[in-house]
Every structure is written in C-alpha cells, then in structure tokens.
>>> print(open('work33.cif').read())   # mmCIF, C-alpha atoms and all ligand atoms
data_target
#
loop_
_atom_site.label_atom_id
_atom_site.label_comp_id
_atom_site.auth_asym_id
_atom_site.auth_seq_id
_atom_site.Cartn_x
_atom_site.Cartn_y
_atom_site.Cartn_z
CA MET O 1 -19.91 34.32 48.85
CA PRO O 2 -17.38 36.62 50.55
CA THR O 3 -18.30 37.95 53.98
CA ALA O 4 -17.96 41.50 55.36
CA LEU O 5 -18.59 43.17 58.70
CA ILE O 6 -19.36 46.90 58.71
CA TRP O 7 -19.02 48.83 61.99
CA GLY O 8 -21.13 51.98 61.80
CA ALA O 9 -23.55 50.34 59.37
CA SER O 10 -26.23 52.88 60.39
CA GLY O 11 -24.29 55.95 59.20
CA GLY O 12 -24.39 57.70 55.83
CA ILE O 13 -21.31 56.02 54.38
CA GLY O 14 -21.72 52.79 56.37
CA ARG O 15 -25.23 52.25 54.99
CA ALA O 16 -24.06 52.90 51.42
CA LEU O 17 -21.22 50.39 51.88
CA VAL O 18 -23.68 47.76 53.16
CA GLU O 19 -26.01 48.35 50.21
CA GLN O 20 -23.25 48.17 47.60
CA LEU O 21 -21.65 45.04 49.07
CA LEU O 22 -25.09 43.37 49.15
CA ALA O 23 -25.57 44.33 45.49
CA GLN O 24 -22.22 42.65 44.75
CA ASN O 25 -23.49 39.46 46.43
CA TRP O 26 -21.45 39.74 49.60
CA THR O 27 -22.82 38.35 52.85
CA VAL O 28 -22.86 41.45 55.05
CA TYR O 29 -23.08 41.75 58.84
CA GLY O 30 -23.80 45.19 60.28
CA ALA O 31 -22.92 46.68 63.67
CA ALA O 32 -24.20 50.01 64.98
CA ARG O 33 -25.50 51.84 68.00
CA GLN O 34 -28.88 52.40 66.35
CA VAL O 35 -29.33 48.94 64.89
CA ASP O 36 -32.73 49.79 63.37
CA ASN O 37 -30.93 52.12 60.94
CA ILE O 38 -28.86 49.30 59.45
CA PRO O 39 -30.20 48.59 55.95
CA ASN O 40 -32.35 45.55 55.23
CA GLY O 41 -30.62 42.60 53.67
CA VAL O 42 -27.83 42.18 56.21
CA ALA O 43 -27.33 38.66 57.51
CA GLN O 44 -27.51 39.95 61.10
CA ARG O 45 -27.47 43.22 63.05
CA PHE O 46 -25.23 43.74 66.09
CA SER O 47 -25.04 46.52 68.62
CA PHE O 48 -21.79 48.16 69.77
CA ASP O 49 -20.52 51.29 71.48
CA ALA O 50 -17.22 52.69 70.22
CA GLY O 51 -16.09 53.41 73.79
CA LYS O 52 -16.43 49.82 74.99
CA LEU O 53 -13.93 47.17 73.89
CA SER O 54 -16.22 44.53 75.44
CA SER O 55 -18.99 45.45 72.98
CA PHE O 56 -16.64 44.75 70.05
CA GLN O 57 -15.60 41.45 71.62
CA GLU O 58 -19.25 40.45 72.08
CA VAL O 59 -19.94 41.09 68.39
CA ALA O 60 -16.91 39.00 67.41
CA LEU O 61 -18.04 36.16 69.70
CA LEU O 62 -21.57 36.15 68.26
CA LEU O 63 -20.17 36.30 64.72
CA ALA O 64 -17.83 33.38 65.38
CA HIS O 65 -20.93 31.17 65.75
CA GLU O 66 -22.28 32.32 62.39
CA ILE O 67 -19.40 32.34 59.93
CA ASP O 68 -16.26 30.47 58.87
CA ALA O 69 -14.23 33.64 58.42
CA LEU O 70 -14.41 37.28 57.43
CA ASP O 71 -12.98 38.61 54.17
CA ARG O 72 -13.42 42.30 54.94
CA VAL O 73 -13.97 44.46 58.03
CA ILE O 74 -14.77 48.14 57.55
CA TYR O 75 -14.76 50.59 60.46
CA ALA O 76 -17.15 53.29 59.19
CA ALA O 77 -18.15 54.79 62.55
CA GLY O 78 -16.98 58.29 63.36
CA GLY O 79 -18.13 61.66 64.49
CA ILE O 80 -17.14 65.22 65.22
CA GLN O 81 -17.68 67.59 68.12
CA TYR O 82 -17.22 71.21 67.11
CA THR O 83 -15.65 72.66 70.30
CA LYS O 84 -12.39 74.40 71.22
CA VAL O 85 -9.81 71.89 72.47
CA LEU O 86 -9.62 73.25 76.00
CA GLU O 87 -13.40 73.55 76.29
CA LEU O 88 -14.01 69.89 75.50
CA GLY O 89 -13.18 68.55 78.94
CA GLN O 90 -11.92 65.07 79.61
CA GLN O 91 -15.13 63.20 78.80
CA ASN O 92 -15.77 64.81 75.40
CA TRP O 93 -12.10 64.53 74.43
CA HIS O 94 -12.19 60.82 75.27
CA ASN O 95 -15.45 60.44 73.42
CA MET O 96 -13.91 61.88 70.23
CA MET O 97 -10.93 59.54 70.59
CA ASN O 98 -13.24 56.58 71.23
CA ILE O 99 -15.41 57.12 68.16
CA ASN O 100 -12.66 58.02 65.69
CA LEU O 101 -9.54 56.20 66.93
CA HIS O 102 -10.06 53.66 69.73
CA GLY O 103 -13.09 52.13 68.01
CA ALA O 104 -11.00 51.50 64.89
CA TYR O 105 -8.35 49.79 67.03
CA TYR O 106 -10.97 47.76 68.97
CA SER O 107 -12.65 46.66 65.72
CA ILE O 108 -9.37 45.28 64.39
CA GLU O 109 -8.32 43.69 67.67
CA ALA O 110 -11.67 41.97 68.20
CA THR O 111 -12.07 40.60 64.68
CA LEU O 112 -8.47 39.66 63.80
CA PRO O 113 -9.00 36.02 64.91
CA LEU O 114 -11.99 35.77 62.54
CA MET O 115 -10.22 37.24 59.54
CA ARG O 116 -9.28 34.98 56.64
CA ASP O 117 -5.61 35.13 55.57
CA GLY O 118 -5.41 37.89 52.99
CA GLY O 119 -8.54 39.58 54.36
CA THR O 120 -8.76 43.36 54.49
CA PHE O 121 -9.29 45.81 57.37
CA VAL O 122 -10.52 49.21 56.22
CA VAL O 123 -10.80 52.36 58.33
CA LEU O 124 -12.35 55.61 57.10
CA GLY O 125 -10.12 58.62 57.60
CA ALA O 126 -9.92 62.27 56.67
CA TYR O 127 -7.19 64.77 55.70
CA PRO O 128 -6.08 65.87 59.20
CA GLU O 129 -3.24 68.02 57.88
CA LYS O 130 -5.90 70.18 56.15
CA ILE O 131 -8.24 70.31 59.18
CA THR O 132 -6.55 73.14 61.03
CA LEU O 133 -9.52 75.36 61.90
CA PRO O 134 -10.40 76.10 65.54
CA ARG O 135 -12.86 73.64 67.12
CA PHE O 136 -11.75 70.73 64.92
CA GLY O 137 -8.80 69.80 67.18
CA ALA O 138 -10.06 66.57 68.74
CA TYR O 139 -11.39 65.19 65.45
CA ALA O 140 -8.20 66.07 63.54
CA SER O 141 -5.99 64.60 66.29
CA ALA O 142 -7.89 61.31 66.30
CA LYS O 143 -7.88 61.01 62.51
CA ALA O 144 -4.16 61.86 62.36
CA ALA O 145 -3.34 59.05 64.79
CA LEU O 146 -5.02 56.51 62.51
CA GLN O 147 -2.30 56.98 59.92
CA PRO O 148 0.72 55.53 61.79
CA MET O 149 -1.56 52.96 63.42
CA MET O 150 -2.61 51.53 60.05
CA GLU O 151 0.85 51.80 58.43
CA ILE O 152 2.52 49.99 61.33
CA LEU O 153 -0.23 47.36 61.60
CA ALA O 154 0.36 46.59 57.92
CA LYS O 155 4.00 45.80 58.73
CA GLU O 156 3.23 43.86 61.92
CA GLN O 157 0.32 41.75 60.61
CA ARG O 158 1.50 40.61 57.21
CA LYS O 159 -1.17 37.96 56.72
CA HIS O 160 -3.76 40.70 56.35
CA VAL O 161 -4.30 43.85 54.32
CA PHE O 162 -4.78 47.25 55.99
CA ARG O 163 -6.26 50.31 54.26
CA LEU O 164 -6.95 53.81 55.57
CA MET O 165 -9.29 55.57 53.13
CA ARG O 166 -8.97 59.34 53.42
CA LEU O 167 -12.27 60.84 52.33
CA PRO O 168 -13.20 64.32 51.12
CA ALA O 169 -16.51 65.85 52.28
CA VAL O 170 -19.45 63.49 51.96
CA ASN O 171 -23.07 64.58 52.35
CA THR O 172 -24.17 62.60 55.43
CA PRO O 173 -25.64 63.29 58.90
CA PHE O 174 -22.00 63.81 60.02
CA TRP O 175 -22.43 67.48 58.99
CA GLU O 176 -25.41 67.99 61.32
CA SER O 177 -22.99 68.52 64.23
CA LEU O 178 -21.29 71.40 62.41
CA PRO O 179 -22.50 75.01 62.10
CA ILE O 180 -21.48 75.06 58.44
CA LYS O 181 -23.26 73.94 55.30
CA VAL O 182 -22.25 70.77 53.52
CA PRO O 183 -19.93 71.96 50.72
CA GLU O 184 -21.37 71.82 47.22
CA TYR O 185 -18.53 69.59 46.10
CA ALA O 186 -19.36 66.97 48.76
CA LEU O 187 -19.72 63.44 47.44
CA SER O 188 -22.95 61.53 47.87
CA PRO O 189 -22.65 58.57 50.27
CA SER O 190 -23.09 56.14 47.38
CA THR O 191 -20.27 57.77 45.37
CA ALA O 192 -18.03 57.66 48.47
CA ALA O 193 -18.85 53.96 48.98
CA GLU O 194 -18.20 53.25 45.29
CA ARG O 195 -14.79 54.96 45.50
CA ILE O 196 -13.88 53.01 48.66
CA LEU O 197 -14.82 49.65 47.16
CA ASN O 198 -13.15 50.47 43.85
CA ALA O 199 -9.93 51.52 45.62
CA LEU O 200 -9.93 48.20 47.49
CA GLU O 201 -9.77 46.42 44.13
CA HIS O 202 -7.18 48.65 42.46
CA GLU O 203 -4.92 50.41 45.00
CA GLN O 204 -2.04 48.75 46.82
CA GLN O 205 -0.86 51.40 49.33
CA VAL O 206 -2.01 51.46 52.98
CA ILE O 207 -3.12 55.10 52.94
CA ILE O 208 -5.40 55.92 50.05
CA ASP O 209 -6.59 59.42 49.20
CA LEU O 210 -10.04 59.35 47.61
N1 LIG Z 301 -19.11 62.87 55.97
C1 LIG Z 301 -17.93 63.42 55.70
O1 LIG Z 301 -17.83 64.53 55.13
C2 LIG Z 301 -16.67 62.69 56.06
C3 LIG Z 301 -15.44 63.19 55.55
C4 LIG Z 301 -14.26 62.53 55.87
C5 LIG Z 301 -14.30 61.40 56.68
N2 LIG Z 301 -15.51 60.95 57.15
C6 LIG Z 301 -15.50 59.78 58.02
O2 LIG Z 301 -16.32 58.76 57.50
C7 LIG Z 301 -16.84 57.97 58.60
C8 LIG Z 301 -18.33 57.82 58.43
O3 LIG Z 301 -18.92 59.10 58.52
P1 LIG Z 301 -20.39 59.42 57.98
O4 LIG Z 301 -20.25 60.62 57.15
O5 LIG Z 301 -21.03 58.19 57.44
O6 LIG Z 301 -21.06 59.86 59.35
P2 LIG Z 301 -22.53 59.60 59.96
O7 LIG Z 301 -23.53 59.49 58.87
O8 LIG Z 301 -22.71 60.64 60.99
O9 LIG Z 301 -22.38 58.16 60.64
C9 LIG Z 301 -21.60 58.01 61.80
C10 LIG Z 301 -21.62 56.58 62.23
O10 LIG Z 301 -20.83 56.47 63.42
C11 LIG Z 301 -21.59 55.82 64.40
N3 LIG Z 301 -21.23 56.24 65.75
C12 LIG Z 301 -21.08 57.48 66.23
N4 LIG Z 301 -20.76 57.44 67.53
C13 LIG Z 301 -20.71 56.13 67.88
C14 LIG Z 301 -20.44 55.43 69.08
N5 LIG Z 301 -20.13 56.07 70.22
N6 LIG Z 301 -20.50 54.08 69.07
C15 LIG Z 301 -20.81 53.41 67.95
N7 LIG Z 301 -21.07 54.01 66.78
C16 LIG Z 301 -21.03 55.37 66.74
C17 LIG Z 301 -23.04 56.18 64.10
O11 LIG Z 301 -23.85 55.22 64.73
P3 LIG Z 301 -25.41 55.43 65.08
O12 LIG Z 301 -26.00 56.18 63.91
O13 LIG Z 301 -25.90 54.02 65.14
O14 LIG Z 301 -25.46 56.19 66.34
C18 LIG Z 301 -23.02 56.08 62.58
O15 LIG Z 301 -23.14 54.73 62.18
C19 LIG Z 301 -16.41 58.70 59.88
O16 LIG Z 301 -15.24 58.09 60.38
C20 LIG Z 301 -16.08 60.09 59.40
O17 LIG Z 301 -15.11 60.71 60.20
C21 LIG Z 301 -16.69 61.56 56.86
#
>>> encode(input="work33.cif", output="structure tokens", more="lines below")
Ligand SMILES: NC(=O)c1ccc[n+]([C@@H]2O[C@H](COP(=O)([O-])OP(=O)(O)OC[C@H]3O[C@@H](n4cnc5c(N)ncnc54)[C@H](OP(=O)(O)O)[C@@H]3O)[C@@H](O)[C@H]2O)c1
Amino acid sequence: MPTALIWGASGGIGRALVEQLLAQNWTVYGAARQVDNIPNGVAQRFSFDAGKLSSFQEVALLLAHEIDALDRVIYAAGGIQYTKVLELGQQNWHNMMNINLHGAYYSIEATLPLMRDGGTFVVLGAYPEKITLPRFGAYASAKAALQPMMEILAKEQRKHVFRLMRLPAVNTPFWESLPIKVPEYALSPSTAAERILNALEHEQQVIIDL
C-alpha cells in the first residue's frame, strides 16, 4: 500500500484529502495543530506548528520508525489574516509567512530523506496575481513565493516530483477569518481533494491550476 503524510490534516481540504486517500487504500499519516480534528482511519496522528522547524523534524523522526518510505507528502496547512500590510506588525507578518510559505519549505526539508525515489511533494497554493485587494497582502505574498520555490526545487531535486496546486475558492473554515461570504461558486472540500488527486495522476507540470 502506498504511504502519504498530510500536513494540515485537520483543515477542510486536508481532512478531505485524508479521507479520499484512505478510500483509495493508501496508508495515511496526519499532522496538525489540533490533532483531534484529524479524521479517523489514519495510521497515526502527529502534532506540528508551522512556525517551528523542529516540530516538522520531530514528526519526520517519529515517522522514520514507522515506515519504509513515503510516496506522497501534501502540505495542506494555510491561513489568512485580513489586515492591511502595514498594520500587521512583525509578528503577524511572520505568522502569515510561517503558515503559508515557511511551513511548506519545512515540510519538504524534513521529509525529503523519507521520500521514495519518484515520490511527490504537493503544496496547496492560490492565484496570488488575482489577490490584489487591500488586506490580502501577506497571504498573497506568501502564496506568490511558493511558485518559484516549487519550480526551482523541481529542477534541483530530480529524484522527486514537485506540484503546486493552485486552488479556486473552497468552502472551508478558511473563510471564517474573512469578513466576506464564501462565494457561491466555491468548491466543496471533497471536490477540491478529488481535483488535487486527479491532477496528480494526469498532469505533468509543476504548477497546476485547478
Ligand atoms: N479555502 C479556500 O478557499 C482556499 C483557496 C485557495 C487556497 N487555499 C489553500 O488551501 C490550504 C488549505 O486551506 P483550507 O481551506 O483547508 O483551510 P482550513 O480549513 O482553515 O485549514 C487550515 C489548516 O491549516 C492548519 N494551520 C493553520 N495554522 C497553522 C499553524 N500555525 N501550524 C500548523 N497548522 C496550521 C490548520 O490546523 P488546525 O486546524 O489543526 O489548527 C488546518 O489544518 C491553505 O494553504 C489555503 O491557503 C484555500
């Protein structure tokens, strides 16, 4: 059975990914801040904080005792703070970068030694060039930086596959931090997860627009 690790397995899309991979007979490990929100059926739950590289390394160390290798790692953590750029302050700016950008980097760095040759790293992205409204600056900046990171990683680490999945609106708790309604056209988390997993089977480019 192939093995996957989902970071952010407690979130709307992360949970749907866990559930669909389990339904496809994957062995799935889940990592989250709120571990109780990781769906049942995972082989093991781990705790991590996107701002702490050591928490990613601890998960990788624990996992190394459990598995031969990973086939797929998905970084599905993320979040948004709806505040003007210059009102964020250093801590909130760093927090946005940690959740959306540094955590993706830490997840890849920590689990690369566990990844099977040909295994796939997936990060969930957005359409930063379309996110130009006031108060979205930190989120858009972090998501934009993922693009060159993943494209260049794909060239530097040729034994592995790298995919940045750019998602449209998805109806998850992500929207609870925003003073706007979830758009009617938003995907359900299960449709988003289906599209991500389907694209992993059929698309070859690093950056994939879903
Ligand atoms: N929903 C959308 O419309 C949409 C659109 C485009 C892209 N995306 C991207 O898709 C990804 C998943 O979003 P979602 O909609 O599933 O959001 P969500 O339901 O709000 O889930 C967010 C996830 O991120 C985790 N997280 C937040 N801060 C963290 C931290 N400091 N340390 C560790 N984990 C942290 C949460 O963990 P806990 O619950 O355990 O705290 C949760 O698992 C994000 O990268 C988001 O930017 C979403």
>>> residues_near_point(input="work33.cif", point="(-19.7, 50.4, 70.7)", cutoff="6 Å", atoms="only C-alpha atoms", output="ChimeraX atom specification")
/O:48-52,55
>>> residues_near_point(input="work33.cif", point="(-23.9, 62.8, 49.7)", cutoff="6 Å", atoms="all atoms listed in the file", output="VMD selection string")
chain O and resid 170 to 172 187 to 189
>>> residues_around(input="work33.cif", residues="stretch 84-97 of chain O", least_positions_apart="3", cutoff="10 Å", atoms="all atoms listed in the file", output="list in words")
Ala50, Gly51, Gly78, Gly79, Ile80, Gln81, Asn100, Leu101, His102, Gly103, Ala104, Leu133, Pro134, Arg135, Phe136, Gly137, Ala138, Tyr139, Ala140, Ser141, Ala142, Lys143 and Ala145 of chain O
>>> residues_around(input="work33.cif", residues="stretch 17-25 of chain O", least_positions_apart="6", cutoff="12 Å", atoms="only C-alpha atoms", output="PyMOL selection string")
chain O and resi 1-11+31+37-45+71-77+122+124+188-198
>>> atom_distance(input="work33.cif", atom1="atom CA of O:Val35", atom2="atom P3 of ligand LIG 301 (chain Z)")
7.6 Å
>>> axis_aligned_box(input="work33.cif", around="ligand LIG 301 (chain Z)", padding_each_side="3 Å", output="AutoDock Vina command-line options")
--center_x -20.1 --center_y 59.0 --center_z 62.7 --size_x 17.7 --size_y 17.1 --size_z 21.1
>>> atom_distance(input="work33.cif", atom1="atom CA of O:Thr120", atom2="atom CA of O:Leu164")
10.7 Å
>>> closest_residue(input="work33.cif", among="O:Leu62, O:Ala110, O:Ala144, O:Leu70", to="ligand LIG 301 (chain Z)", atoms="all atoms listed in the file")
O:Ala144
>>> closest_residue(input="work33.cif", among="O:Trp26, O:Phe56, O:Phe121, O:Trp175", to="ligand LIG 301 (chain Z)", atoms="all atoms listed in the file")
O:Trp175
>>> closest_residue(input="work33.cif", among="O:Ala154, O:Ala69, O:Ala60, O:Ala186", to="ligand LIG 301 (chain Z)", atoms="only C-alpha atoms and all ligand atoms")
O:Ala186
>>> closest_residue(input="work33.cif", among="O:Glu184, O:Glu201, O:Glu58, O:Glu176", to="ligand LIG 301 (chain Z)", atoms="all atoms listed in the file")
O:Glu176
>>> closest_residue(input="work33.cif", among="O:Ile67, O:Val161, O:Ala16, O:Ile180", to="ligand LIG 301 (chain Z)", atoms="only C-alpha atoms and all ligand atoms")
O:Ala16
>>> closest_residue(input="work33.cif", among="O:Leu178, O:Leu167, O:Leu153, O:Leu210", to="ligand LIG 301 (chain Z)", atoms="only C-alpha atoms and all ligand atoms")
O:Leu167
>>> atom_distance(input="work33.cif", atom1="atom CA of O:Pro173", atom2="atom CA of O:Met149")
26.6 Å
>>> decode(input="work33.cif", residues="stretch 181-193 of chain O", atoms="all heavy atoms", output="PDB file, in the first residue's frame")
ATOM      1  N   LYS O 181     -18.588  36.640   2.438  1.00  0.00           N
ATOM      2  CA  LYS O 181     -19.219  35.319   2.371  1.00  0.00           C
ATOM      3  C   LYS O 181     -18.420  34.407   1.443  1.00  0.00           C
ATOM      4  O   LYS O 181     -17.791  34.876   0.496  1.00  0.00           O
ATOM      5  CB  LYS O 181     -20.637  35.465   1.799  1.00  0.00           C
ATOM      6  CG  LYS O 181     -21.629  35.963   2.793  1.00  0.00           C
ATOM      7  CD  LYS O 181     -23.029  35.806   2.205  1.00  0.00           C
ATOM      8  CE  LYS O 181     -24.047  36.476   3.097  1.00  0.00           C
ATOM      9  NZ  LYS O 181     -25.279  36.801   2.382  1.00  0.00           N
ATOM     10  N   VAL O 182     -18.518  33.135   1.692  1.00  0.00           N
ATOM     11  CA  VAL O 182     -17.914  32.167   0.776  1.00  0.00           C
ATOM     12  C   VAL O 182     -18.631  32.318  -0.570  1.00  0.00           C
ATOM     13  O   VAL O 182     -19.868  32.318  -0.603  1.00  0.00           O
ATOM     14  CB  VAL O 182     -18.132  30.721   1.291  1.00  0.00           C
ATOM     15  CG1 VAL O 182     -17.414  29.717   0.400  1.00  0.00           C
ATOM     16  CG2 VAL O 182     -17.700  30.594   2.723  1.00  0.00           C
ATOM     17  N   PRO O 183     -17.900  32.496  -1.681  1.00  0.00           N
ATOM     18  CA  PRO O 183     -18.591  32.656  -2.963  1.00  0.00           C
ATOM     19  C   PRO O 183     -19.436  31.432  -3.316  1.00  0.00           C
ATOM     20  O   PRO O 183     -19.088  30.316  -2.919  1.00  0.00           O
ATOM     21  CB  PRO O 183     -17.442  32.814  -3.973  1.00  0.00           C
ATOM     22  CG  PRO O 183     -16.198  32.952  -3.188  1.00  0.00           C
ATOM     23  CD  PRO O 183     -16.449  32.524  -1.791  1.00  0.00           C
ATOM     24  N   GLU O 184     -20.502  31.680  -4.054  1.00  0.00           N
ATOM     25  CA  GLU O 184     -21.399  30.560  -4.406  1.00  0.00           C
ATOM     26  C   GLU O 184     -20.702  29.512  -5.249  1.00  0.00           C
ATOM     27  O   GLU O 184     -21.045  28.345  -5.216  1.00  0.00           O
ATOM     28  CB  GLU O 184     -22.627  31.093  -5.143  1.00  0.00           C
ATOM     29  CG  GLU O 184     -23.655  31.592  -4.161  1.00  0.00           C
ATOM     30  CD  GLU O 184     -24.920  32.077  -4.829  1.00  0.00           C
ATOM     31  OE1 GLU O 184     -25.129  31.768  -6.016  1.00  0.00           O
ATOM     32  OE2 GLU O 184     -25.670  32.778  -4.132  1.00  0.00           O
ATOM     33  N   TYR O 185     -19.715  29.985  -6.028  1.00  0.00           N
ATOM     34  CA  TYR O 185     -19.025  29.047  -6.928  1.00  0.00           C
ATOM     35  C   TYR O 185     -17.950  28.220  -6.201  1.00  0.00           C
ATOM     36  O   TYR O 185     -17.296  27.382  -6.815  1.00  0.00           O
ATOM     37  CB  TYR O 185     -18.389  29.791  -8.113  1.00  0.00           C
ATOM     38  CG  TYR O 185     -17.372  30.850  -7.701  1.00  0.00           C
ATOM     39  CD1 TYR O 185     -16.062  30.493  -7.363  1.00  0.00           C
ATOM     40  CD2 TYR O 185     -17.726  32.197  -7.628  1.00  0.00           C
ATOM     41  CE1 TYR O 185     -15.137  31.449  -6.972  1.00  0.00           C
ATOM     42  CE2 TYR O 185     -16.801  33.160  -7.228  1.00  0.00           C
ATOM     43  CZ  TYR O 185     -15.514  32.776  -6.910  1.00  0.00           C
ATOM     44  OH  TYR O 185     -14.603  33.713  -6.507  1.00  0.00           O
ATOM     45  N   ALA O 186     -17.781  28.461  -4.893  1.00  0.00           N
ATOM     46  CA  ALA O 186     -16.713  27.745  -4.164  1.00  0.00           C
ATOM     47  C   ALA O 186     -16.913  26.232  -4.273  1.00  0.00           C
ATOM     48  O   ALA O 186     -18.042  25.731  -4.235  1.00  0.00           O
ATOM     49  CB  ALA O 186     -16.718  28.172  -2.695  1.00  0.00           C
ATOM     50  N   LEU O 187     -15.798  25.530  -4.397  1.00  0.00           N
ATOM     51  CA  LEU O 187     -15.848  24.071  -4.443  1.00  0.00           C
ATOM     52  C   LEU O 187     -16.108  23.533  -3.039  1.00  0.00           C
ATOM     53  O   LEU O 187     -15.756  24.179  -2.051  1.00  0.00           O
ATOM     54  CB  LEU O 187     -14.506  23.503  -4.912  1.00  0.00           C
ATOM     55  CG  LEU O 187     -13.925  24.001  -6.242  1.00  0.00           C
ATOM     56  CD1 LEU O 187     -12.573  23.321  -6.500  1.00  0.00           C
ATOM     57  CD2 LEU O 187     -14.891  23.716  -7.388  1.00  0.00           C
ATOM     58  N   SER O 188     -16.656  22.341  -2.967  1.00  0.00           N
ATOM     59  CA  SER O 188     -16.696  21.658  -1.665  1.00  0.00           C
ATOM     60  C   SER O 188     -15.298  21.104  -1.401  1.00  0.00           C
ATOM     61  O   SER O 188     -14.524  20.874  -2.343  1.00  0.00           O
ATOM     62  CB  SER O 188     -17.706  20.510  -1.699  1.00  0.00           C
ATOM     63  OG  SER O 188     -17.221  19.499  -2.554  1.00  0.00           O
ATOM     64  N   PRO O 189     -14.941  20.875  -0.125  1.00  0.00           N
ATOM     65  CA  PRO O 189     -13.625  20.303   0.156  1.00  0.00           C
ATOM     66  C   PRO O 189     -13.413  18.967  -0.555  1.00  0.00           C
ATOM     67  O   PRO O 189     -12.312  18.682  -1.041  1.00  0.00           O
ATOM     68  CB  PRO O 189     -13.634  20.116   1.673  1.00  0.00           C
ATOM     69  CG  PRO O 189     -14.651  21.075   2.179  1.00  0.00           C
ATOM     70  CD  PRO O 189     -15.677  21.231   1.109  1.00  0.00           C
ATOM     71  N   SER O 190     -14.460  18.154  -0.654  1.00  0.00           N
ATOM     72  CA  SER O 190     -14.252  16.841  -1.295  1.00  0.00           C
ATOM     73  C   SER O 190     -14.008  16.999  -2.791  1.00  0.00           C
ATOM     74  O   SER O 190     -13.175  16.286  -3.363  1.00  0.00           O
ATOM     75  CB  SER O 190     -15.405  15.884  -0.998  1.00  0.00           C
ATOM     76  OG  SER O 190     -16.577  16.416  -1.500  1.00  0.00           O
ATOM     77  N   THR O 191     -14.670  17.978  -3.436  1.00  0.00           N
ATOM     78  CA  THR O 191     -14.395  18.203  -4.873  1.00  0.00           C
ATOM     79  C   THR O 191     -12.969  18.719  -5.049  1.00  0.00           C
ATOM     80  O   THR O 191     -12.257  18.316  -5.973  1.00  0.00           O
ATOM     81  CB  THR O 191     -15.405  19.218  -5.467  1.00  0.00           C
ATOM     82  OG1 THR O 191     -16.705  18.692  -5.272  1.00  0.00           O
ATOM     83  CG2 THR O 191     -15.171  19.471  -6.940  1.00  0.00           C
ATOM     84  N   ALA O 192     -12.543  19.618  -4.143  1.00  0.00           N
ATOM     85  CA  ALA O 192     -11.166  20.144  -4.242  1.00  0.00           C
ATOM     86  C   ALA O 192     -10.166  18.991  -4.100  1.00  0.00           C
ATOM     87  O   ALA O 192      -9.209  18.881  -4.873  1.00  0.00           O
ATOM     88  CB  ALA O 192     -10.938  21.204  -3.172  1.00  0.00           C
ATOM     89  N   ALA O 193     -10.408  18.122  -3.109  1.00  0.00           N
ATOM     90  CA  ALA O 193      -9.481  16.995  -2.893  1.00  0.00           C
ATOM     91  C   ALA O 193      -9.470  16.067  -4.106  1.00  0.00           C
ATOM     92  O   ALA O 193      -8.412  15.606  -4.541  1.00  0.00           O
ATOM     93  CB  ALA O 193      -9.886  16.234  -1.633  1.00  0.00           C
TER      94      ALA O 193
END
